[in-house]
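Colleague: Structure file start37.cif (mmCIF, C-alpha atoms) is given on the next line.
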```
data_work
loop_
_atom_site.label_atom_id
_atom_site.label_comp_id
_atom_site.auth_asym_id
_atom_site.auth_seq_id
_atom_site.Cartn_x
_atom_site.Cartn_y
_atom_site.Cartn_z
CA MET A 1 -39.01 12.74 -87.70
CA SER A 2 -37.66 11.94 -91.17
CA ILE A 3 -34.84 13.82 -92.85
CA GLU A 4 -33.71 13.82 -96.47
CA ASN A 5 -30.07 14.05 -97.50
CA ILE A 6 -29.46 16.68 -100.19
CA SER A 7 -25.69 16.60 -100.53
CA SER A 8 -22.59 14.94 -99.05
CA ASN A 9 -18.98 16.07 -99.37
CA LYS A 10 -15.98 14.51 -97.65
CA SER A 11 -13.86 17.17 -95.94
CA PHE A 12 -10.80 16.80 -93.70
CA GLY A 13 -11.63 13.16 -93.06
CA GLY A 14 -15.20 13.96 -92.00
CA TRP A 15 -18.39 14.76 -93.87
CA HIS A 16 -20.20 17.96 -94.71
CA LYS A 17 -23.84 17.19 -95.45
CA GLN A 18 -27.05 19.10 -96.17
CA TYR A 19 -30.49 17.86 -95.19
CA SER A 20 -34.11 18.89 -95.44
CA HIS A 21 -36.88 18.02 -93.02
CA ARG A 22 -40.41 18.99 -92.11
CA SER A 23 -40.42 21.34 -89.12
CA GLN A 24 -43.48 21.04 -86.91
CA VAL A 25 -42.47 24.18 -85.03
CA LEU A 26 -42.08 26.33 -88.15
CA ASN A 27 -44.87 24.66 -90.13
CA CYS A 28 -42.71 24.36 -93.26
CA ASP A 29 -39.84 22.41 -94.79
CA MET A 30 -36.42 23.46 -93.53
CA ARG A 31 -32.81 22.81 -94.44
CA PHE A 32 -29.67 22.56 -92.33
CA ALA A 33 -26.01 21.76 -92.89
CA ILE A 34 -23.91 19.58 -90.61
CA TYR A 35 -20.22 18.83 -90.47
CA LEU A 36 -19.42 15.51 -88.80
CA PRO A 37 -15.73 15.20 -87.88
CA PRO A 38 -13.92 11.90 -88.41
CA GLN A 39 -14.14 11.12 -84.66
CA ALA A 40 -17.96 10.91 -84.78
CA SER A 41 -19.40 7.41 -84.55
CA ALA A 42 -22.31 5.64 -82.90
CA SER A 43 -20.02 4.58 -80.05
CA THR A 44 -18.34 8.00 -79.74
CA PRO A 45 -20.87 10.80 -80.27
CA VAL A 46 -19.23 14.21 -80.46
CA PRO A 47 -20.23 17.57 -78.95
CA ALA A 48 -21.73 20.20 -81.21
CA LEU A 49 -21.39 23.87 -82.04
CA TYR A 50 -24.58 25.41 -83.43
CA TRP A 51 -23.88 28.30 -85.79
CA LEU A 52 -26.52 30.98 -86.48
CA SER A 53 -25.97 33.07 -89.61
CA GLY A 54 -26.91 36.66 -90.34
CA LEU A 55 -29.37 38.55 -92.52
CA THR A 56 -29.91 37.15 -96.05
CA CYS A 57 -27.84 34.02 -95.33
CA THR A 58 -28.88 30.38 -95.54
CA GLU A 59 -27.42 27.17 -94.13
CA GLU A 60 -24.71 27.30 -96.81
CA ASN A 61 -22.78 30.56 -96.30
CA PHE A 62 -20.84 29.78 -93.13
CA MET A 63 -19.93 26.25 -94.18
CA GLN A 64 -18.63 27.43 -97.56
CA LYS A 65 -16.79 30.59 -96.50
CA SER A 66 -15.45 30.25 -92.95
CA GLY A 67 -12.95 27.40 -93.29
CA VAL A 68 -14.35 25.81 -90.16
CA GLN A 69 -14.10 22.15 -91.20
CA GLY A 70 -10.39 21.61 -90.73
CA ILE A 71 -10.41 22.95 -87.18
CA ALA A 72 -13.58 21.04 -86.31
CA ALA A 73 -11.98 17.86 -87.64
CA GLU A 74 -8.89 18.38 -85.49
CA LEU A 75 -10.91 19.08 -82.36
CA GLY A 76 -13.65 16.49 -82.89
CA ILE A 77 -16.60 18.88 -82.82
CA ALA A 78 -19.71 18.72 -85.01
CA ILE A 79 -20.90 21.95 -86.62
CA ILE A 80 -24.61 22.49 -87.25
CA ALA A 81 -25.73 25.43 -89.41
CA PRO A 82 -29.50 25.92 -89.74
CA ASP A 83 -31.23 28.24 -92.17
CA THR A 84 -32.01 31.76 -90.93
CA SER A 85 -35.80 31.73 -91.31
CA PRO A 86 -38.80 29.67 -92.36
CA ARG A 87 -39.04 29.06 -96.12
CA GLY A 88 -41.78 28.20 -98.60
CA GLY A 89 -44.38 29.71 -100.85
CA ASP A 90 -46.92 30.23 -98.08
CA VAL A 91 -44.44 31.77 -95.60
CA ALA A 92 -44.96 35.49 -94.96
CA ASP A 93 -42.26 37.68 -96.49
CA ASP A 94 -41.30 41.28 -97.22
CA GLU A 95 -39.43 42.91 -100.10
CA ALA A 96 -36.83 44.33 -97.72
CA TYR A 97 -33.77 42.21 -96.91
CA ASP A 98 -34.11 42.83 -93.16
CA LEU A 99 -37.63 41.45 -92.65
CA GLY A 100 -39.22 38.12 -93.50
CA LYS A 101 -37.37 35.30 -95.26
CA GLY A 102 -33.67 35.35 -94.41
CA ALA A 103 -34.42 37.56 -91.40
CA GLY A 104 -35.97 35.32 -88.76
CA PHE A 105 -34.02 37.02 -85.93
CA TYR A 106 -34.28 33.86 -83.81
CA VAL A 107 -37.42 34.98 -81.97
CA ASN A 108 -40.90 33.47 -81.55
CA ALA A 109 -43.21 35.84 -83.42
CA THR A 110 -46.49 36.68 -81.71
CA GLN A 111 -48.04 38.90 -84.40
CA ALA A 112 -49.91 37.85 -87.56
CA PRO A 113 -49.00 36.94 -90.23
CA TRP A 114 -45.54 36.14 -88.90
CA ASN A 115 -46.57 33.96 -85.97
CA ARG A 116 -47.77 31.11 -88.23
CA HIS A 117 -44.19 30.24 -89.21
CA TYR A 118 -41.65 32.49 -87.50
CA GLN A 119 -40.91 30.49 -84.34
CA MET A 120 -37.16 30.38 -84.85
CA TYR A 121 -36.31 30.55 -81.15
CA ASP A 122 -38.14 27.29 -80.42
CA TYR A 123 -36.70 25.72 -83.56
CA ILE A 124 -33.10 26.45 -82.56
CA VAL A 125 -33.46 25.71 -78.86
CA LYS A 126 -35.69 22.64 -78.99
CA GLU A 127 -36.69 21.06 -82.29
CA LEU A 128 -33.41 21.14 -84.21
CA PRO A 129 -31.17 19.78 -81.39
CA GLU A 130 -33.67 16.97 -80.76
CA LEU A 131 -33.56 16.07 -84.46
CA ILE A 132 -29.75 16.26 -84.64
CA GLU A 133 -29.18 14.18 -81.52
CA ALA A 134 -31.66 11.52 -82.68
CA SER A 135 -30.28 11.29 -86.22
CA PHE A 136 -26.49 11.67 -85.92
CA PRO A 137 -23.63 10.64 -83.59
CA VAL A 138 -23.86 14.00 -81.85
CA SER A 139 -24.23 14.40 -78.09
CA ASP A 140 -26.30 16.82 -76.05
CA VAL A 141 -23.16 18.75 -75.05
CA ARG A 142 -23.68 21.98 -76.99
CA SER A 143 -22.26 25.42 -77.59
CA ILE A 144 -23.65 28.16 -79.80
CA SER A 145 -22.19 30.91 -81.98
CA GLY A 146 -23.22 33.24 -84.79
CA HIS A 147 -22.68 36.37 -86.85
CA SER A 148 -24.58 39.68 -86.86
CA MET A 149 -28.28 38.73 -86.59
CA GLY A 150 -27.01 35.26 -85.70
CA GLY A 151 -24.67 36.71 -83.09
CA HIS A 152 -27.73 38.33 -81.54
CA GLY A 153 -29.48 34.95 -81.68
CA ALA A 154 -26.58 33.03 -80.15
CA LEU A 155 -26.15 35.45 -77.26
CA THR A 156 -29.85 35.71 -76.41
CA ILE A 157 -30.41 31.96 -76.65
CA ALA A 158 -27.43 31.17 -74.41
CA LEU A 159 -28.34 33.88 -71.92
CA LYS A 160 -31.91 32.58 -71.69
CA ASN A 161 -30.80 28.93 -71.47
CA PRO A 162 -27.56 28.87 -69.47
CA LEU A 163 -27.89 25.20 -68.57
CA ARG A 164 -28.23 24.05 -72.19
CA TYR A 165 -24.97 25.52 -73.53
CA GLN A 166 -21.37 25.17 -72.41
CA SER A 167 -20.21 28.40 -74.10
CA VAL A 168 -21.35 31.13 -76.47
CA SER A 169 -19.55 33.34 -78.97
CA ALA A 170 -20.47 35.90 -81.59
CA PHE A 171 -18.99 37.86 -84.46
CA SER A 172 -20.30 41.41 -84.91
CA PRO A 173 -23.54 40.74 -83.00
CA ILE A 174 -26.55 43.03 -82.96
CA SER A 175 -26.00 43.62 -79.26
CA ASN A 176 -28.87 45.94 -78.37
CA PRO A 177 -31.64 45.34 -80.95
CA ALA A 178 -34.28 47.20 -78.94
CA ASN A 179 -32.27 50.35 -79.63
CA CYS A 180 -31.22 49.97 -83.29
CA THR A 181 -33.20 50.27 -86.51
CA TRP A 182 -32.76 46.62 -87.56
CA GLY A 183 -34.09 45.37 -84.25
CA GLN A 184 -36.85 47.94 -83.86
CA LYS A 185 -38.21 47.16 -87.33
CA VAL A 186 -38.43 43.39 -86.90
CA PHE A 187 -39.50 43.48 -83.24
CA THR A 188 -42.42 45.76 -84.12
CA GLN A 189 -43.48 43.36 -86.87
CA TYR A 190 -42.82 40.05 -85.09
CA LEU A 191 -43.55 40.99 -81.47
CA GLY A 192 -45.79 44.05 -81.65
CA ASP A 193 -45.52 47.29 -79.71
CA ASN A 194 -45.01 45.75 -76.25
CA LYS A 195 -41.39 46.68 -75.66
CA THR A 196 -41.23 44.47 -72.58
CA GLN A 197 -41.33 41.54 -75.02
CA TRP A 198 -38.54 43.11 -77.05
CA LEU A 199 -36.23 43.04 -74.04
CA GLU A 200 -36.65 39.27 -73.78
CA TYR A 201 -34.60 39.07 -76.99
CA ASP A 202 -32.07 41.80 -76.28
CA ALA A 203 -28.59 40.52 -75.39
CA SER A 204 -27.57 43.68 -73.54
CA GLU A 205 -30.68 43.60 -71.37
CA LEU A 206 -30.32 39.88 -70.68
CA MET A 207 -26.62 40.18 -69.87
CA ARG A 208 -27.28 43.09 -67.51
CA LYS A 209 -29.72 40.90 -65.53
CA ALA A 210 -27.79 37.63 -65.79
CA ARG A 211 -27.27 35.54 -62.67
CA ARG A 212 -25.93 32.39 -64.32
CA PHE A 213 -22.96 32.88 -66.61
CA VAL A 214 -22.20 31.01 -69.84
CA PRO A 215 -18.59 31.68 -70.93
CA ALA A 216 -18.88 34.31 -73.68
CA ARG A 217 -16.55 35.65 -76.35
CA VAL A 218 -17.38 38.39 -78.86
CA GLU A 219 -15.32 39.53 -81.85
CA GLN A 220 -15.87 42.95 -83.44
CA GLY A 221 -14.15 44.70 -86.33
CA ASN A 222 -13.60 48.42 -85.87
CA ALA A 223 -14.06 49.07 -89.61
CA ASP A 224 -17.51 47.48 -89.60
CA PRO A 225 -19.91 49.84 -91.42
CA PHE A 226 -22.75 48.80 -89.08
CA LEU A 227 -20.79 49.30 -85.88
CA GLU A 228 -22.31 52.49 -84.49
CA GLU A 229 -25.85 52.41 -85.88
CA GLN A 230 -26.76 48.73 -85.61
CA LEU A 231 -24.32 46.66 -83.54
CA LYS A 232 -23.54 48.78 -80.45
CA PRO A 233 -21.03 46.48 -78.69
CA GLN A 234 -20.49 49.18 -76.05
CA CYS A 235 -24.00 48.41 -74.74
CA LEU A 236 -23.08 44.77 -74.26
CA SER A 237 -19.85 45.72 -72.51
CA ALA A 238 -21.69 48.10 -70.17
CA ALA A 239 -24.25 45.41 -69.37
CA ALA A 240 -21.52 42.91 -68.50
CA LYS A 241 -20.03 45.36 -66.02
CA VAL A 242 -23.38 45.70 -64.23
CA SER A 243 -23.83 41.96 -63.69
CA GLY A 244 -20.17 41.04 -63.48
CA TYR A 245 -20.57 38.86 -66.55
CA PRO A 246 -17.25 37.32 -67.69
CA LEU A 247 -17.49 38.64 -71.24
CA GLU A 248 -14.42 38.62 -73.48
CA LEU A 249 -14.97 41.39 -76.04
CA ASN A 250 -12.22 41.75 -78.64
CA SER A 251 -11.96 44.67 -81.06
CA HIS A 252 -9.87 44.46 -84.23
CA ASP A 253 -8.62 47.40 -86.26
CA GLY A 254 -9.32 47.30 -89.99
CA TYR A 255 -11.76 44.38 -90.01
CA ASP A 256 -15.27 44.75 -91.43
CA HIS A 257 -18.55 42.79 -91.29
CA SER A 258 -17.67 40.14 -93.87
CA TYR A 259 -16.82 36.45 -93.88
CA TYR A 260 -13.19 37.49 -94.31
CA PHE A 261 -13.43 38.70 -90.71
CA ILE A 262 -15.09 35.49 -89.56
CA ALA A 263 -12.51 33.32 -91.33
CA SER A 264 -9.71 35.30 -89.67
CA PHE A 265 -10.81 34.41 -86.13
CA ILE A 266 -12.94 31.27 -86.41
CA GLU A 267 -10.07 29.07 -85.21
CA GLU A 268 -9.80 31.05 -81.97
CA HIS A 269 -13.54 30.69 -81.45
CA LEU A 270 -13.55 26.94 -82.02
CA ARG A 271 -10.67 26.49 -79.59
CA PHE A 272 -12.55 28.66 -77.08
CA HIS A 273 -15.59 26.41 -77.42
CA ALA A 274 -13.51 23.22 -77.37
CA ALA A 275 -12.11 24.15 -73.96
CA HIS A 276 -15.66 23.98 -72.60
CA LEU A 277 -17.21 21.28 -74.80
CA LEU A 278 -14.45 18.71 -74.47
CA ASN A 279 -13.97 19.14 -70.72
CA HIS A 280 -17.64 18.73 -69.90
#
```
Just dump the structure as structure tokens.

Modeller:
Amino acid sequence: MSIENISSNKSFGGWHKQYSHRSQVLNCDMRFAIYLPPQASASTPVPALYWLSGLTCTEENFMQKSGVQGIAAELGIAIIAPDTSPRGGDVADDEAYDLGKGAGFYVNATQAPWNRHYQMYDYIVKELPELIEASFPVSDVRSISGHSMGGHGALTIALKNPLRYQSVSAFSPISNPANCTWGQKVFTQYLGDNKTQWLEYDASELMRKARRFVPARVEQGNADPFLEEQLKPQCLSAAAKVSGYPLELNSHDGYDHSYYFIASFIEEHLRFHAAHLLNH
């Protein structure tokens, strides 16, 4: 599979790069960003943290706003940030910000017209890691993290694939999408009315039933305007108690839903992941 380099910027001794490629899974051209720390070489491939961004974001937001590169360079971890949905003129879309382009929700759509392109779950779990590991000095030792919609994606993907990821973390995740308006809207469109399918992409439901545990850390700001209506971290906490899941859920007074919140705690998250990635 061929990839095209769009940009390259040296950062903290490593390289931040953007690429485009043709996705067979999504049936469109896609972009991703990657940060390769200075330790990465053909003889010393490094482990990777996959970062899933939230609604309306692209592959650029996290890399530009989080300040992740310096910590990744110190720890020797690659950062991969994919786009949040399929893109292109023939890709189904909606005028609302919370459906269609920029709102892939990391599921495999089953309903037309979305199912032609919106197979983000398979893209993140299978196609993108295969491309990364074949094209860069990056190993198959992986962790996954994300924010909001991407926090939902990171948690559900790790919970459904506990042998593929060493750790999972999330900032302000949509923890119980089957029971919030964001989730109900997109699940109805992408997955149809069969709510059993919805639960296959609901972190609280998956955590409640979990039998294999991926180390998990969640950060939540108590001043988040979406806290009660959309995010519902209490549902995730309750689910962890049912299964005995070792979830670390941290609440922070005064913090909101923004990248200022992410930047404030991204170092703690990278060190959390490093403890699992580098000791594999």

Colleague: Which polymer residues have any atom within 6 Å of an atom of segment 167-178 of chain A, counting all atoms listed in the file, with same-chain residues fewer than 4 positions away left out, as a PyMOL selection string?

Modeller: chain A and resi 143-149+151-152+183-184+202-204+214-220+231-233+236

Colleague: Atom CA of Tyr165 of chain A and atom CA of Val68 of chain A are how many Å apart?

Modeller: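 These atoms are spaced 19.7 Å apart.
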
Colleague: Separation of atom CA of Tyr121 of chain A and atom CA of Thr58 of chain A, in Å?

Modeller: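 Answer for the atom CA of Tyr121 of chain A to atom CA of Thr58 of chain A separation: 16.2 Å.
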
Colleague: From the set A:Ser251, A:Ser139, A:Gln230, A:Thr44, which residue has the shortest atom-to-atom contact distance to Thr181 of chain A, counting all atoms listed in the file?

Modeller: A:Gln230

Colleague: In Å to one decimal, how far is atom CA of His252 of chain A from atom CA of Gln234 of chain A?

Modeller: 14.2 Å

Colleague: Quick one: which residues end up in the PyMOL selection byres ((chain A and resi 162) around 12) for this structure, as a PDB file with C-alpha atoms, in the frame of the given file?

Modeller:
```pdb
ATOM      1  CA  VAL A 125     -33.460  25.710 -78.860  1.00  0.00           C
ATOM      2  CA  ARG A 142     -23.680  21.980 -76.990  1.00  0.00           C
ATOM      3  CA  SER A 143     -22.260  25.420 -77.590  1.00  0.00           C
ATOM      4  CA  ILE A 144     -23.650  28.160 -79.800  1.00  0.00           C
ATOM      5  CA  ALA A 154     -26.580  33.030 -80.150  1.00  0.00           C
ATOM      6  CA  LEU A 155     -26.150  35.450 -77.260  1.00  0.00           C
ATOM      7  CA  THR A 156     -29.850  35.710 -76.410  1.00  0.00           C
ATOM      8  CA  ILE A 157     -30.410  31.960 -76.650  1.00  0.00           C
ATOM      9  CA  ALA A 158     -27.430  31.170 -74.410  1.00  0.00           C
ATOM     10  CA  LEU A 159     -28.340  33.880 -71.920  1.00  0.00           C
ATOM     11  CA  LYS A 160     -31.910  32.580 -71.690  1.00  0.00           C
ATOM     12  CA  ASN A 161     -30.800  28.930 -71.470  1.00  0.00           C
ATOM     13  CA  LEU A 163     -27.890  25.200 -68.570  1.00  0.00           C
ATOM     14  CA  ARG A 164     -28.230  24.050 -72.190  1.00  0.00           C
ATOM     15  CA  TYR A 165     -24.970  25.520 -73.530  1.00  0.00           C
ATOM     16  CA  GLN A 166     -21.370  25.170 -72.410  1.00  0.00           C
ATOM     17  CA  SER A 167     -20.210  28.400 -74.100  1.00  0.00           C
ATOM     18  CA  VAL A 168     -21.350  31.130 -76.470  1.00  0.00           C
ATOM     19  CA  LEU A 206     -30.320  39.880 -70.680  1.00  0.00           C
ATOM     20  CA  MET A 207     -26.620  40.180 -69.870  1.00  0.00           C
ATOM     21  CA  ALA A 210     -27.790  37.630 -65.790  1.00  0.00           C
ATOM     22  CA  ARG A 211     -27.270  35.540 -62.670  1.00  0.00           C
ATOM     23  CA  ARG A 212     -25.930  32.390 -64.320  1.00  0.00           C
ATOM     24  CA  PHE A 213     -22.960  32.880 -66.610  1.00  0.00           C
ATOM     25  CA  VAL A 214     -22.200  31.010 -69.840  1.00  0.00           C
ATOM     26  CA  PRO A 215     -18.590  31.680 -70.930  1.00  0.00           C
ATOM     27  CA  ALA A 216     -18.880  34.310 -73.680  1.00  0.00           C
TER      28      ALA A 216
END
```

Colleague: Of the residues A:Val141, A:Ile124, A:Met30, A:Val242, which is the one nearest to Leu49 of chain A, using all atoms listed in the file?

Modeller: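 Checking each of A:Val141, A:Ile124, A:Met30, A:Val242 against Leu49 of chain A, counting all atoms listed in the file, the winner is A:Val141.
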
Colleague: Which residues are near Glu60 of chain A? Cut-off 10 Å, only C-alpha atoms, ignore same chain within fewer than 5 positions. Put them as a list in words.

Modeller: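 The contact residues come out as Gln18, Arg31, Phe32, Ala33, Ile34, Ser53, Lys65, Ala81, Pro82 and Asp83 of chain A.
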
Colleague: For each of A:Leu128, A:Leu191, A:Ile77, A:Cys235, take the minimum atom-to-atom distance to Pro38 of chain A, counting only C-alpha atoms, then give the residue where this is smallest.

Modeller: A:Ile77

Colleague: When you get a chance, write out all heavy atoms for segment 140-151 of chain A, as a PDB file, in the frame of the given file.

Modeller:
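Output saved as out.pdb:
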```pdb
ATOM      1  N   ASP A 140     -25.545  15.663 -76.521  1.00  0.00           N
ATOM      2  CA  ASP A 140     -26.300  16.820 -76.050  1.00  0.00           C
ATOM      3  C   ASP A 140     -25.405  17.844 -75.344  1.00  0.00           C
ATOM      4  O   ASP A 140     -25.904  18.723 -74.639  1.00  0.00           O
ATOM      5  CB  ASP A 140     -27.452  16.406 -75.140  1.00  0.00           C
ATOM      6  CG  ASP A 140     -26.983  15.703 -73.878  1.00  0.00           C
ATOM      7  OD1 ASP A 140     -25.760  15.508 -73.699  1.00  0.00           O
ATOM      8  OD2 ASP A 140     -27.839  15.336 -73.048  1.00  0.00           O
ATOM      9  N   VAL A 141     -24.112  17.738 -75.540  1.00  0.00           N
ATOM     10  CA  VAL A 141     -23.160  18.750 -75.050  1.00  0.00           C
ATOM     11  C   VAL A 141     -23.015  19.784 -76.157  1.00  0.00           C
ATOM     12  O   VAL A 141     -22.481  19.488 -77.222  1.00  0.00           O
ATOM     13  CB  VAL A 141     -21.804  18.128 -74.685  1.00  0.00           C
ATOM     14  CG1 VAL A 141     -20.846  19.187 -74.173  1.00  0.00           C
ATOM     15  CG2 VAL A 141     -22.000  17.025 -73.656  1.00  0.00           C
ATOM     16  N   ARG A 142     -23.515  21.001 -75.924  1.00  0.00           N
ATOM     17  CA  ARG A 142     -23.680  21.980 -76.990  1.00  0.00           C
ATOM     18  C   ARG A 142     -23.051  23.317 -76.635  1.00  0.00           C
ATOM     19  O   ARG A 142     -23.070  23.741 -75.481  1.00  0.00           O
ATOM     20  CB  ARG A 142     -25.157  22.252 -77.273  1.00  0.00           C
ATOM     21  CG  ARG A 142     -26.067  21.060 -77.349  1.00  0.00           C
ATOM     22  CD  ARG A 142     -27.524  21.507 -77.476  1.00  0.00           C
ATOM     23  NE  ARG A 142     -28.446  20.425 -77.177  1.00  0.00           N
ATOM     24  CZ  ARG A 142     -28.959  20.193 -75.970  1.00  0.00           C
ATOM     25  NH1 ARG A 142     -28.645  20.989 -74.967  1.00  0.00           N
ATOM     26  NH2 ARG A 142     -29.780  19.176 -75.792  1.00  0.00           N
ATOM     27  N   SER A 143     -22.575  24.001 -77.667  1.00  0.00           N
ATOM     28  CA  SER A 143     -22.260  25.420 -77.590  1.00  0.00           C
ATOM     29  C   SER A 143     -22.946  26.106 -78.765  1.00  0.00           C
ATOM     30  O   SER A 143     -23.467  25.434 -79.668  1.00  0.00           O
ATOM     31  CB  SER A 143     -20.753  25.668 -77.605  1.00  0.00           C
ATOM     32  OG  SER A 143     -20.152  25.215 -76.398  1.00  0.00           O
ATOM     33  N   ILE A 144     -22.925  27.433 -78.754  1.00  0.00           N
ATOM     34  CA  ILE A 144     -23.650  28.160 -79.800  1.00  0.00           C
ATOM     35  C   ILE A 144     -22.875  29.413 -80.180  1.00  0.00           C
ATOM     36  O   ILE A 144     -22.232  30.047 -79.331  1.00  0.00           O
ATOM     37  CB  ILE A 144     -25.084  28.487 -79.341  1.00  0.00           C
ATOM     38  CG1 ILE A 144     -25.944  28.991 -80.510  1.00  0.00           C
ATOM     39  CG2 ILE A 144     -25.089  29.449 -78.155  1.00  0.00           C
ATOM     40  CD1 ILE A 144     -27.437  28.991 -80.206  1.00  0.00           C
ATOM     41  N   SER A 145     -22.907  29.747 -81.474  1.00  0.00           N
ATOM     42  CA  SER A 145     -22.190  30.910 -81.980  1.00  0.00           C
ATOM     43  C   SER A 145     -22.955  31.474 -83.160  1.00  0.00           C
ATOM     44  O   SER A 145     -23.901  30.858 -83.662  1.00  0.00           O
ATOM     45  CB  SER A 145     -20.765  30.511 -82.399  1.00  0.00           C
ATOM     46  OG  SER A 145     -20.009  31.635 -82.789  1.00  0.00           O
ATOM     47  N   GLY A 146     -22.556  32.666 -83.636  1.00  0.00           N
ATOM     48  CA  GLY A 146     -23.220  33.240 -84.790  1.00  0.00           C
ATOM     49  C   GLY A 146     -22.649  34.583 -85.170  1.00  0.00           C
ATOM     50  O   GLY A 146     -21.777  35.132 -84.493  1.00  0.00           O
ATOM     51  N   HIS A 147     -23.189  35.126 -86.258  1.00  0.00           N
ATOM     52  CA  HIS A 147     -22.680  36.370 -86.850  1.00  0.00           C
ATOM     53  C   HIS A 147     -23.827  37.350 -87.046  1.00  0.00           C
ATOM     54  O   HIS A 147     -24.877  36.976 -87.574  1.00  0.00           O
ATOM     55  CB  HIS A 147     -22.038  36.050 -88.197  1.00  0.00           C
ATOM     56  CG  HIS A 147     -21.656  37.247 -88.999  1.00  0.00           C
ATOM     57  ND1 HIS A 147     -22.061  37.444 -90.307  1.00  0.00           N
ATOM     58  CD2 HIS A 147     -20.892  38.328 -88.688  1.00  0.00           C
ATOM     59  CE1 HIS A 147     -21.570  38.572 -90.771  1.00  0.00           C
ATOM     60  NE2 HIS A 147     -20.853  39.132 -89.804  1.00  0.00           N
ATOM     61  N   SER A 148     -23.640  38.594 -86.611  1.00  0.00           N
ATOM     62  CA  SER A 148     -24.580  39.680 -86.860  1.00  0.00           C
ATOM     63  C   SER A 148     -25.954  39.342 -86.270  1.00  0.00           C
ATOM     64  O   SER A 148     -26.080  39.182 -85.065  1.00  0.00           O
ATOM     65  CB  SER A 148     -24.630  39.993 -88.351  1.00  0.00           C
ATOM     66  OG  SER A 148     -25.258  41.219 -88.600  1.00  0.00           O
ATOM     67  N   MET A 149     -26.989  39.188 -87.104  1.00  0.00           N
ATOM     68  CA  MET A 149     -28.280  38.730 -86.590  1.00  0.00           C
ATOM     69  C   MET A 149     -28.122  37.415 -85.851  1.00  0.00           C
ATOM     70  O   MET A 149     -28.765  37.172 -84.820  1.00  0.00           O
ATOM     71  CB  MET A 149     -29.273  38.585 -87.733  1.00  0.00           C
ATOM     72  CG  MET A 149     -30.622  38.019 -87.335  1.00  0.00           C
ATOM     73  SD  MET A 149     -31.731  37.713 -88.743  1.00  0.00           S
ATOM     74  CE  MET A 149     -30.974  36.252 -89.488  1.00  0.00           C
ATOM     75  N   GLY A 150     -27.259  36.536 -86.366  1.00  0.00           N
ATOM     76  CA  GLY A 150     -27.010  35.260 -85.700  1.00  0.00           C
ATOM     77  C   GLY A 150     -26.210  35.395 -84.428  1.00  0.00           C
ATOM     78  O   GLY A 150     -26.347  34.584 -83.511  1.00  0.00           O
ATOM     79  N   GLY A 151     -25.355  36.425 -84.348  1.00  0.00           N
ATOM     80  CA  GLY A 151     -24.670  36.710 -83.090  1.00  0.00           C
ATOM     81  C   GLY A 151     -25.658  37.135 -82.026  1.00  0.00           C
ATOM     82  O   GLY A 151     -25.567  36.723 -80.859  1.00  0.00           O
TER      83      GLY A 151
END
```
